[in-house]
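Enquirer: Structure in C-alpha coordinates, see below.
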Amino acid sequence: MFYRFIVISLLLLMIFSFADGSELEELYHHRNLGGAYFEEDKLAEAIQEFTECIKINPNFAQDHINLGMAYLDYSKYPEAIQELETAQKLAPGYPHIYYDLAIVYKRQGKFEEAAREFQKVIELDADDV
(Lines give C-alpha, C1' and ligand atoms only; values in the text may rest on other atoms or scores of the structure.)
Protein backbone atom coordinates (compact mmCIF):
# COMPACT_ATOMS: atom_id res chain seq x y z
CA MET A 1 0.00 0.00 0.00
CA PHE A 2 2.84 2.38 0.86
CA TYR A 3 4.55 1.75 -2.50
CA ARG A 4 1.28 2.40 -4.29
CA PHE A 5 1.15 5.81 -2.61
CA ILE A 6 4.74 6.54 -3.64
CA VAL A 7 4.13 5.52 -7.26
CA ILE A 8 0.97 7.62 -7.50
CA SER A 9 2.74 10.59 -5.90
CA LEU A 10 5.66 10.30 -8.30
CA LEU A 11 3.34 10.07 -11.28
CA LEU A 12 1.39 13.14 -10.18
CA LEU A 13 4.60 15.06 -9.59
CA MET A 14 5.84 14.07 -13.03
CA ILE A 15 2.57 15.02 -14.72
CA PHE A 16 2.37 18.45 -13.11
CA SER A 17 6.02 19.23 -13.76
CA PHE A 18 5.42 19.62 -17.51
CA ALA A 19 4.39 22.86 -19.16
CA ASP A 20 2.16 21.17 -21.71
CA GLY A 21 0.91 17.74 -22.67
CA SER A 22 3.16 17.37 -25.70
CA GLU A 23 6.26 16.78 -23.55
CA LEU A 24 4.35 14.22 -21.51
CA GLU A 25 3.22 12.42 -24.68
CA GLU A 26 6.79 12.43 -25.97
CA LEU A 27 8.01 11.03 -22.65
CA TYR A 28 5.47 8.21 -22.70
CA HIS A 29 6.36 7.48 -26.33
CA HIS A 30 10.07 7.08 -25.53
CA ARG A 31 9.39 5.13 -22.33
CA ASN A 32 7.05 2.71 -24.10
CA LEU A 33 9.46 2.24 -27.00
CA GLY A 34 12.34 1.72 -24.57
CA GLY A 35 10.36 -0.90 -22.70
CA ALA A 36 9.43 -2.70 -25.91
CA TYR A 37 13.02 -2.68 -27.14
CA PHE A 38 14.23 -3.91 -23.76
CA GLU A 39 11.75 -6.82 -23.84
CA GLU A 40 12.96 -7.71 -27.35
CA ASP A 41 16.58 -7.60 -26.14
CA LYS A 42 17.33 -4.68 -28.48
CA LEU A 43 19.41 -3.02 -25.82
CA ALA A 44 21.11 -0.31 -27.90
CA GLU A 45 17.70 0.93 -29.01
CA ALA A 46 16.31 0.69 -25.46
CA ILE A 47 19.25 2.74 -24.18
CA GLN A 48 18.54 5.43 -26.78
CA GLU A 49 14.87 5.65 -25.82
CA PHE A 50 15.48 5.70 -22.07
CA THR A 51 18.14 8.36 -22.59
CA GLU A 52 15.53 10.48 -24.37
CA CYS A 53 13.23 10.10 -21.35
CA ILE A 54 15.94 11.47 -19.09
CA LYS A 55 16.56 14.40 -21.43
CA ILE A 56 12.89 15.31 -21.13
CA ASN A 57 12.67 14.82 -17.36
CA PRO A 58 15.96 14.09 -15.59
CA ASN A 59 14.34 13.98 -12.15
CA PHE A 60 12.26 10.81 -12.51
CA ALA A 61 14.06 7.91 -10.82
CA GLN A 62 12.31 5.14 -12.75
CA ASP A 63 13.77 6.33 -16.05
CA HIS A 64 17.27 6.15 -14.56
CA ILE A 65 16.46 2.64 -13.28
CA ASN A 66 15.25 1.59 -16.73
CA LEU A 67 18.39 2.97 -18.35
CA GLY A 68 20.58 1.37 -15.69
CA MET A 69 19.00 -2.02 -16.26
CA ALA A 70 19.46 -1.72 -20.02
CA TYR A 71 23.13 -0.90 -19.44
CA LEU A 72 23.39 -3.85 -17.07
CA ASP A 73 22.03 -6.28 -19.64
CA TYR A 74 24.35 -4.71 -22.24
CA SER A 75 27.29 -5.38 -19.85
CA LYS A 76 28.07 -1.66 -19.56
CA TYR A 77 28.56 -1.79 -15.81
CA PRO A 78 30.03 1.67 -15.11
CA GLU A 79 27.12 3.27 -16.95
CA ALA A 80 24.63 1.06 -15.11
CA ILE A 81 26.13 2.07 -11.76
CA GLN A 82 26.00 5.75 -12.69
CA GLU A 83 22.31 5.59 -13.61
CA LEU A 84 21.34 3.55 -10.57
CA GLU A 85 23.25 5.86 -8.24
CA THR A 86 21.39 8.80 -9.79
CA ALA A 87 18.13 6.94 -9.16
CA GLN A 88 19.19 6.40 -5.53
CA LYS A 89 19.67 10.13 -5.09
CA LEU A 90 16.23 10.81 -6.57
CA ALA A 91 14.42 8.07 -4.62
CA PRO A 92 16.64 7.00 -1.70
CA GLY A 93 13.93 4.96 0.02
CA TYR A 94 13.15 2.71 -2.94
CA PRO A 95 14.70 -0.72 -2.18
CA HIS A 96 14.52 -2.00 -5.76
CA ILE A 97 17.29 0.41 -6.78
CA TYR A 98 19.66 -1.03 -4.18
CA TYR A 99 18.82 -4.54 -5.34
CA ASP A 100 19.58 -3.65 -8.96
CA LEU A 101 22.85 -2.03 -7.96
CA ALA A 102 23.79 -5.14 -5.98
CA ILE A 103 23.24 -7.23 -9.10
CA VAL A 104 25.59 -4.96 -11.08
CA TYR A 105 28.30 -5.29 -8.42
CA LYS A 106 27.78 -9.05 -8.24
CA ARG A 107 28.22 -9.41 -12.01
CA GLN A 108 31.46 -7.44 -11.73
CA GLY A 109 32.70 -9.76 -8.97
CA LYS A 110 32.56 -6.92 -6.43
CA PHE A 111 30.99 -9.02 -3.70
CA GLU A 112 31.57 -6.65 -0.77
CA GLU A 113 29.81 -3.83 -2.61
CA ALA A 114 27.02 -6.21 -3.61
CA ALA A 115 26.59 -7.35 0.00
CA ARG A 116 26.42 -3.72 1.15
CA GLU A 117 23.63 -3.00 -1.32
CA PHE A 118 21.74 -6.20 -0.45
CA GLN A 119 21.96 -5.23 3.23
CA LYS A 120 20.41 -1.86 2.38
CA VAL A 121 17.51 -3.68 0.69
CA ILE A 122 16.91 -5.61 3.93
CA GLU A 123 17.07 -2.42 5.98
CA LEU A 124 14.58 -0.65 3.72
CA ASP A 125 12.11 -3.50 3.27
CA ALA A 126 12.74 -6.56 5.43
CA ASP A 127 9.22 -7.87 4.75
CA ASP A 128 9.86 -8.19 1.02
CA VAL A 129 13.06 -10.22 1.25
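In the C-alpha coordinates, chains take letters A, B, ... by order of appearance, with residues numbered from 1 within each chain and ligands from 1 in the order shown.
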With a distance cut-off of 10 Å and only C-alpha atoms, select the neighbouring residues of Tyr37 of chain A, excluding the residue or stretch itself and same-chain residues fewer than 3 positions from it, and output the selection as a ChimeraX atom specification.
Expert: /A:31-34,40-49,70
Enquirer: Please list as a ChimeraX atom specification every residue within 12 Å of Lys89 of chain A, counting only C-alpha atoms and excluding residues in the same chain fewer than 5 positions away.
Expert: /A:58-62,64-65,82-84,94,97-98
Enquirer: Store the residues picked out above in a file with N, CA, C and O atoms, as a PDB file, in the first residue's frame.
Expert:
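File out_38.pdb, as written:
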```
ATOM      1  N   PRO A  58      14.844  14.756 -16.258  1.00  0.00           N
ATOM      2  CA  PRO A  58      15.964  14.086 -15.586  1.00  0.00           C
ATOM      3  C   PRO A  58      15.719  13.755 -14.112  1.00  0.00           C
ATOM      4  O   PRO A  58      16.553  13.109 -13.492  1.00  0.00           O
ATOM      5  N   ASN A  59      14.588  14.155 -13.578  1.00  0.00           N
ATOM      6  CA  ASN A  59      14.343  13.978 -12.148  1.00  0.00           C
ATOM      7  C   ASN A  59      13.388  12.842 -11.819  1.00  0.00           C
ATOM      8  O   ASN A  59      12.851  12.783 -10.719  1.00  0.00           O
ATOM      9  N   PHE A  60      13.159  11.944 -12.755  1.00  0.00           N
ATOM     10  CA  PHE A  60      12.264  10.813 -12.513  1.00  0.00           C
ATOM     11  C   PHE A  60      13.113   9.559 -12.357  1.00  0.00           C
ATOM     12  O   PHE A  60      13.721   9.076 -13.316  1.00  0.00           O
ATOM     13  N   ALA A  61      13.163   9.022 -11.147  1.00  0.00           N
ATOM     14  CA  ALA A  61      14.058   7.909 -10.817  1.00  0.00           C
ATOM     15  C   ALA A  61      13.831   6.683 -11.690  1.00  0.00           C
ATOM     16  O   ALA A  61      14.796   6.022 -12.088  1.00  0.00           O
ATOM     17  N   GLN A  62      12.585   6.369 -12.006  1.00  0.00           N
ATOM     18  CA  GLN A  62      12.308   5.142 -12.751  1.00  0.00           C
ATOM     19  C   GLN A  62      12.977   5.142 -14.121  1.00  0.00           C
ATOM     20  O   GLN A  62      13.426   4.100 -14.592  1.00  0.00           O
ATOM     21  N   HIS A  64      15.857   6.473 -14.814  1.00  0.00           N
ATOM     22  CA  HIS A  64      17.266   6.146 -14.556  1.00  0.00           C
ATOM     23  C   HIS A  64      17.418   4.648 -14.249  1.00  0.00           C
ATOM     24  O   HIS A  64      18.397   4.022 -14.661  1.00  0.00           O
ATOM     25  N   ILE A  65      16.434   4.089 -13.550  1.00  0.00           N
ATOM     26  CA  ILE A  65      16.461   2.645 -13.282  1.00  0.00           C
ATOM     27  C   ILE A  65      16.360   1.881 -14.594  1.00  0.00           C
ATOM     28  O   ILE A  65      17.127   0.935 -14.833  1.00  0.00           O
ATOM     29  N   GLN A  82      26.260   4.312 -12.676  1.00  0.00           N
ATOM     30  CA  GLN A  82      26.003   5.752 -12.691  1.00  0.00           C
ATOM     31  C   GLN A  82      24.499   6.044 -12.695  1.00  0.00           C
ATOM     32  O   GLN A  82      24.018   6.882 -11.934  1.00  0.00           O
ATOM     33  N   GLU A  83      23.760   5.356 -13.534  1.00  0.00           N
ATOM     34  CA  GLU A  83      22.311   5.595 -13.614  1.00  0.00           C
ATOM     35  C   GLU A  83      21.601   5.158 -12.337  1.00  0.00           C
ATOM     36  O   GLU A  83      20.704   5.851 -11.848  1.00  0.00           O
ATOM     37  N   LEU A  84      21.991   4.023 -11.797  1.00  0.00           N
ATOM     38  CA  LEU A  84      21.343   3.549 -10.575  1.00  0.00           C
ATOM     39  C   LEU A  84      21.688   4.423  -9.373  1.00  0.00           C
ATOM     40  O   LEU A  84      20.833   4.655  -8.507  1.00  0.00           O
ATOM     41  N   TYR A  94      13.703   3.733  -2.062  1.00  0.00           N
ATOM     42  CA  TYR A  94      13.154   2.712  -2.935  1.00  0.00           C
ATOM     43  C   TYR A  94      14.111   1.515  -2.978  1.00  0.00           C
ATOM     44  O   TYR A  94      15.164   1.574  -3.598  1.00  0.00           O
ATOM     45  N   ILE A  97      16.076  -0.187  -6.212  1.00  0.00           N
ATOM     46  CA  ILE A  97      17.287   0.410  -6.784  1.00  0.00           C
ATOM     47  C   ILE A  97      18.528  -0.238  -6.176  1.00  0.00           C
ATOM     48  O   ILE A  97      19.481  -0.567  -6.887  1.00  0.00           O
ATOM     49  N   TYR A  98      18.514  -0.427  -4.870  1.00  0.00           N
ATOM     50  CA  TYR A  98      19.661  -1.027  -4.180  1.00  0.00           C
ATOM     51  C   TYR A  98      19.847  -2.480  -4.625  1.00  0.00           C
ATOM     52  O   TYR A  98      20.983  -2.945  -4.783  1.00  0.00           O
TER      53      TYR A  98
END
```
Enquirer: From the set A:Leu24, A:Val121, A:Ala36, A:Val104, which residue has the shortest atom-to-atom contact distance to Lys76 of chain A, counting only C-alpha atoms?
Expert: A:Val104
Enquirer: Nearest residue to Gln88 of chain A out of A:Asn57, A:Lys120, A:Tyr74, A:Ile103, using only C-alpha atoms?
Expert: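 The closest residue to Gln88 of chain A is A:Lys120.
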Enquirer: Counting only C-alpha atoms, figure out which residue out of A:Gly68, A:Pro78, A:Gly109, A:Gly21 gets nearest to Phe38 of chain A.
Expert: A:Gly68
Enquirer: Would you work out the distance separating atom CA of Glu112 of chain A from atom CA of Gly93 of chain A, expressed in Å to one decimal?
Expert: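 So the answer is 21.1 Å.
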Enquirer: Expressed in Å to a single decimal, how great is the separation between atom CA of Pro92 of chain A and atom CA of Lys55 of chain A?
Expert: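 Here the two named atoms are 21.1 Å from each other.
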Enquirer: For Glu113 of chain A, which residue out of A:Ala126, A:Leu67, A:Leu90, A:Ile81 is the nearest one, using only C-alpha atoms?
Expert: A:Ile81
